[in-house]
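Contents: one structure, followed by commentary.
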Amino acid sequence: MGGCRVLGQAWGGWRRGLGIRATPTAAGFGTKARHQLQRRGASKPSDPPGDQPFPGLLRPETFSREELVDVLRAAVVDLKGPLVTLNKPQGLPVTGKPGELTLLSVLPELSRSLGLGEQELQVVRASGKEASGLVLLSSCPRTASRLQKFFTHSQRARRPTATYCAVTDGIPVTSEGKIQAVLKLEHIDGVNLVVPVQSPSRKDIMEGVKRTLSHFRVVATGSGCALVQLQPLTVFPSQLQAHMALQLCPVLGDHTYSARVGAVLGQRFLLPVEGTRPQRQVLDEALLGRLCLTPSQAARLPLHLHLHCLHLPGARPKDPPIELLAPLPSYFSRTLQCLGLHYQ
């Protein structure tokens, strides 16, 4: 429990740490500084590719336990006191069935490799399997409990604590706004899928149907795509992918919900969920050309959804909130370069 005693020191040290800063306005999109994605330690955009269409993309499902621990140790963004922040690779599940290789399953080995001895790490906050980005771990149960209460209270107050970056196939009609949708999980053809509910009854709400809400802001546009910042204000599986599909702008590399968006003569529309099954995302020839991808390569396009920023409370009540940042993956930066997506 020694790590718990240095919590204030750890959080204070973060203000001087790698890619992390304190700001008086934790939740807003407004300042230029908060729009800087390429922090110190971030990967540089690669040249338009030949044999490497997705530079830096890892395949966690091919790793051994030892290899995964090595990858995660190298992905640590910061280590202060009881808190460990790492930049999770896309495709790594946080939890899973017994025997599956997941982030949770290798935490004991990761703890030892980081010199934490027998202090047990637990997940405080993490991006989902298909997303890349920040994972916050704690070796102190009291610290983990405090942070989880902070996230819960923030959610109830509709204060965003997480900011994702996404590249979308299509450009939202408005540059900024809210996405509201009633969603439920359905087991379809052996897969759990998120399905929108048009007119939920009181019984639906009691049976797992949830009203969901996200903020979005378009940061840059080009080649029929957009770089979007997303802030979920509720927690639901695949919420951001489902929300962007409902906006007719599916996330690039979304091979599940993009199939719900159809187009005729350039006009997009939502297809009936009942008759639509997940399939590989279909990109038009012009976009494939800009991305320098063949159709077979596009079928392996990773989801371009990255948990870029987490907001934490200051070490003391009057301290400003703290921001944790995770650099973009190399393949994400390459996509921005290919599409000409830059900050204004």
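Just so we're on the same page: first chain in the structure tokens is A, next is B, and so on; residues restart at 1 for each chain, and ligands are numbered from 1 in the order they show up.
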Next item on the list: From the DSSP assignment of the backbone, select every residue of region 195-268 of chain A that is alpha helix (DSSP H), and format the answer as a PyMOL selection string.
Entry: chain A and resi 202-206+239-246
Residue selection dump (all heavy atoms) as a short mmCIF file (atom, residue, chain, number, x, y, z; two decimals), in the first residue's frame:
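Just written: again_30.cif:
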```cif
data_model
loop_
_atom_site.label_atom_id
_atom_site.label_comp_id
_atom_site.auth_asym_id
_atom_site.auth_seq_id
_atom_site.Cartn_x
_atom_site.Cartn_y
_atom_site.Cartn_z
N ARG A 202 -41.13 1.80 -21.05
CA ARG A 202 -40.55 1.71 -19.71
C ARG A 202 -39.97 0.32 -19.48
O ARG A 202 -38.93 0.15 -18.85
CB ARG A 202 -41.63 2.02 -18.67
CG ARG A 202 -41.09 2.04 -17.23
CD ARG A 202 -42.22 2.30 -16.26
NE ARG A 202 -42.84 3.57 -16.49
CZ ARG A 202 -42.44 4.72 -15.93
NH1 ARG A 202 -41.38 4.71 -15.11
NH2 ARG A 202 -43.05 5.86 -16.17
N LYS A 203 -40.64 -0.70 -20.02
CA LYS A 203 -40.15 -2.07 -19.88
C LYS A 203 -38.80 -2.23 -20.58
O LYS A 203 -37.90 -2.91 -20.08
CB LYS A 203 -41.16 -3.06 -20.45
CG LYS A 203 -40.75 -4.51 -20.32
CD LYS A 203 -41.79 -5.44 -20.94
CE LYS A 203 -41.35 -6.89 -20.85
NZ LYS A 203 -42.32 -7.81 -21.51
N ASP A 204 -38.66 -1.61 -21.77
CA ASP A 204 -37.39 -1.69 -22.50
C ASP A 204 -36.24 -1.14 -21.66
O ASP A 204 -35.16 -1.74 -21.58
CB ASP A 204 -37.48 -0.90 -23.81
CG ASP A 204 -38.34 -1.60 -24.85
OD1 ASP A 204 -38.42 -2.83 -24.81
OD2 ASP A 204 -38.92 -0.90 -25.69
N ILE A 205 -36.46 0.03 -21.04
CA ILE A 205 -35.41 0.67 -20.25
C ILE A 205 -35.00 -0.22 -19.09
O ILE A 205 -33.83 -0.30 -18.72
CB ILE A 205 -35.89 2.05 -19.73
CG1 ILE A 205 -36.22 2.97 -20.91
CG2 ILE A 205 -34.84 2.68 -18.84
CD1 ILE A 205 -35.05 3.26 -21.83
N MET A 206 -35.95 -0.93 -18.52
CA MET A 206 -35.64 -1.82 -17.40
C MET A 206 -34.93 -3.08 -17.86
O MET A 206 -34.30 -3.77 -17.06
CB MET A 206 -36.93 -2.19 -16.66
CG MET A 206 -37.60 -1.00 -15.97
SD MET A 206 -39.15 -1.47 -15.16
CE MET A 206 -38.54 -2.61 -13.90
N GLN A 239 -20.51 2.26 -28.36
CA GLN A 239 -21.37 3.44 -28.45
C GLN A 239 -20.92 4.40 -29.54
O GLN A 239 -21.75 4.87 -30.34
CB GLN A 239 -21.39 4.17 -27.11
CG GLN A 239 -22.14 5.51 -27.13
CD GLN A 239 -22.21 6.16 -25.76
OE1 GLN A 239 -22.52 5.50 -24.78
NE2 GLN A 239 -21.93 7.45 -25.69
N LEU A 240 -19.63 4.69 -29.60
CA LEU A 240 -19.15 5.69 -30.56
C LEU A 240 -19.27 5.20 -32.00
O LEU A 240 -19.64 5.98 -32.89
CB LEU A 240 -17.71 6.08 -30.23
CG LEU A 240 -17.52 6.76 -28.87
CD1 LEU A 240 -16.05 7.07 -28.63
CD2 LEU A 240 -18.36 8.02 -28.76
N GLN A 241 -18.97 3.92 -32.24
CA GLN A 241 -19.14 3.39 -33.59
C GLN A 241 -20.61 3.45 -34.02
O GLN A 241 -20.93 3.84 -35.15
CB GLN A 241 -18.63 1.95 -33.69
CG GLN A 241 -17.14 1.79 -33.45
CD GLN A 241 -16.84 1.35 -32.04
OE1 GLN A 241 -17.11 2.09 -31.07
NE2 GLN A 241 -16.28 0.16 -31.89
N ALA A 242 -21.51 3.05 -33.12
CA ALA A 242 -22.94 3.08 -33.44
C ALA A 242 -23.42 4.50 -33.67
O ALA A 242 -24.20 4.77 -34.60
CB ALA A 242 -23.74 2.42 -32.32
N HIS A 243 -22.95 5.44 -32.86
CA HIS A 243 -23.37 6.83 -33.01
C HIS A 243 -22.92 7.41 -34.35
O HIS A 243 -23.68 8.11 -35.03
CB HIS A 243 -22.82 7.67 -31.87
CG HIS A 243 -23.63 7.58 -30.62
ND1 HIS A 243 -23.35 8.32 -29.49
CD2 HIS A 243 -24.73 6.85 -30.31
CE1 HIS A 243 -24.24 8.05 -28.54
NE2 HIS A 243 -25.08 7.15 -29.02
N MET A 244 -21.68 7.13 -34.74
CA MET A 244 -21.19 7.70 -36.01
C MET A 244 -21.87 7.05 -37.21
O MET A 244 -22.11 7.71 -38.23
CB MET A 244 -19.67 7.58 -36.11
CG MET A 244 -18.92 8.42 -35.07
SD MET A 244 -19.54 10.12 -34.89
CE MET A 244 -19.22 10.79 -36.53
N ALA A 245 -22.22 5.77 -37.10
CA ALA A 245 -22.99 5.14 -38.18
C ALA A 245 -24.36 5.79 -38.31
O ALA A 245 -24.86 6.01 -39.43
CB ALA A 245 -23.13 3.64 -37.93
N LEU A 246 -24.98 6.13 -37.19
CA LEU A 246 -26.28 6.82 -37.23
C LEU A 246 -26.15 8.20 -37.84
O LEU A 246 -27.13 8.74 -38.37
CB LEU A 246 -26.86 6.92 -35.81
CG LEU A 246 -27.34 5.60 -35.20
CD1 LEU A 246 -27.71 5.79 -33.73
CD2 LEU A 246 -28.55 5.05 -35.97
#
```
Checklist line | Which of region 172-298 of chain A fall in strand (DSSP E), as number ranges by chain | finding: A: 176-188, 191-196, 210-222, 225-232, 261-264, 267-270
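Residues in contact with Arg260 (chain A) at 10 Å, where only C-alpha atoms are counted and same-chain residues fewer than 2 positions away are skipped, are listed as Ala242, Ala245, Leu246, Leu248, Pro250, Thr256, Tyr257, Ser258, Gly262, Phe269, Leu270, Leu271, Pro272, Val273, Glu274, Gly275, Thr276, Arg277, Pro278 and Gln279 of chain A.
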Check: Neighbours of Thr102 (chain A) within 7 Å (only C-alpha atoms; same-chain residues fewer than 4 positions away dropped), as a PyMOL selection string?
Finding: chain A and resi 92-96+106
Could you write those residues out with all heavy atoms, as a JSON list (two decimals), in the first residue's frame?
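Here's the written file selection-v9.json:
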```
[["chain", "number", "residue", "atom", "x", "y", "z"],
["A", 92, "LEU", "N", -6.43, -5.39, -28.88],
["A", 92, "LEU", "CA", -6.18, -6.12, -27.63],
["A", 92, "LEU", "C", -7.40, -5.99, -26.72],
["A", 92, "LEU", "O", -7.74, -4.89, -26.29],
["A", 92, "LEU", "CB", -4.94, -5.58, -26.91],
["A", 92, "LEU", "CG", -4.67, -6.17, -25.53],
["A", 92, "LEU", "CD1", -4.36, -7.66, -25.63],
["A", 92, "LEU", "CD2", -3.54, -5.42, -24.83],
["A", 93, "PRO", "N", -8.06, -7.11, -26.39],
["A", 93, "PRO", "CA", -9.20, -7.03, -25.47],
["A", 93, "PRO", "C", -8.73, -6.80, -24.04],
["A", 93, "PRO", "O", -7.66, -7.27, -23.64],
["A", 93, "PRO", "CB", -9.86, -8.40, -25.62],
["A", 93, "PRO", "CG", -8.77, -9.31, -26.05],
["A", 93, "PRO", "CD", -7.83, -8.48, -26.88],
["A", 94, "VAL", "N", -9.53, -6.06, -23.29],
["A", 94, "VAL", "CA", -9.20, -5.82, -21.88],
["A", 94, "VAL", "C", -9.56, -7.05, -21.06],
["A", 94, "VAL", "O", -8.81, -7.49, -20.21],
["A", 94, "VAL", "CB", -9.92, -4.57, -21.36],
["A", 94, "VAL", "CG1", -9.65, -4.37, -19.86],
["A", 94, "VAL", "CG2", -9.47, -3.34, -22.14],
["A", 95, "THR", "N", -10.74, -7.60, -21.31],
["A", 95, "THR", "CA", -11.19, -8.81, -20.62],
["A", 95, "THR", "C", -11.61, -9.84, -21.66],
["A", 95, "THR", "O", -11.72, -9.53, -22.85],
["A", 95, "THR", "CB", -12.38, -8.51, -19.68],
["A", 95, "THR", "OG1", -13.48, -8.02, -20.46],
["A", 95, "THR", "CG2", -12.01, -7.47, -18.64],
["A", 96, "GLY", "N", -11.86, -11.05, -21.20],
["A", 96, "GLY", "CA", -12.30, -12.10, -22.13],
["A", 96, "GLY", "C", -12.66, -13.35, -21.37],
["A", 96, "GLY", "O", -12.78, -13.36, -20.14],
["A", 106, "VAL", "N", -2.65, -10.67, -18.20],
["A", 106, "VAL", "CA", -1.20, -10.53, -18.06],
["A", 106, "VAL", "C", -0.81, -9.43, -17.08],
["A", 106, "VAL", "O", 0.38, -9.10, -16.97],
["A", 106, "VAL", "CB", -0.52, -10.27, -19.43],
["A", 106, "VAL", "CG1", -0.75, -11.44, -20.37],
["A", 106, "VAL", "CG2", -0.99, -8.96, -20.04]]
```
Check: So which residues touch Lys210 (chain A) within 10 Å, counting only C-alpha atoms, skipping near sequence neighbours fewer than 5 positions away, as a PyMOL selection string?
Finding: chain A and resi 181-185+196-197+200+204-205+234-236
Note to self: One number please: CA of Ile179 (chain A) to CA of Arg217 (chain A), in Å, one decimal.
What the structure shows: 10.9 Å
Write out as a short mmCIF file (atom, residue, chain, number, x, y, z; two decimals) with N, CA, C and O atoms, in the first residue's frame the residues lying within 6 Å of Tyr164 (chain A), counting only C-alpha atoms and excluding same-chain residues fewer than 3 positions away.
```cif
data_model
loop_
_atom_site.label_atom_id
_atom_site.label_comp_id
_atom_site.auth_asym_id
_atom_site.auth_seq_id
_atom_site.Cartn_x
_atom_site.Cartn_y
_atom_site.Cartn_z
N GLN A 229 -13.32 14.65 -32.99
CA GLN A 229 -13.13 14.37 -31.57
C GLN A 229 -14.48 13.96 -30.98
O GLN A 229 -15.50 14.62 -31.22
N LEU A 230 -14.47 12.88 -30.23
CA LEU A 230 -15.70 12.32 -29.66
C LEU A 230 -15.56 12.21 -28.15
O LEU A 230 -14.53 11.74 -27.65
N HIS A 306 -9.31 6.20 -31.35
CA HIS A 306 -8.19 6.22 -30.40
C HIS A 306 -8.56 7.03 -29.18
O HIS A 306 -8.95 8.20 -29.30
N LEU A 307 -8.46 6.41 -28.00
CA LEU A 307 -8.69 7.13 -26.74
C LEU A 307 -7.46 7.99 -26.47
O LEU A 307 -6.46 7.52 -25.96
N HIS A 308 -7.58 9.25 -26.84
CA HIS A 308 -6.43 10.14 -26.84
C HIS A 308 -6.20 10.84 -25.51
O HIS A 308 -5.07 11.13 -25.13
#
```
Margin query: With distances taken over only C-alpha atoms, which residue among A:Gly128, A:Gly117, A:Gly133, A:Leu147 lies nearest Pro327 (chain A)?
Written below: A:Gly133
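For the pair CA of Arg268 (chain A) and CA of Gln180 (chain A), the separation is 19.5 Å.
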Item checked: Contact residues around Val69 (chain A) with only C-alpha atoms at 8 Å, ignoring same-chain residues under 3 positions, as a PyMOL selection string -> chain A and resi 65-66+72-73+106+109-110+113
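The interatomic distance for the pair CA of Arg112 (chain A) and CA of His311 (chain A) works out to 27.3 Å.
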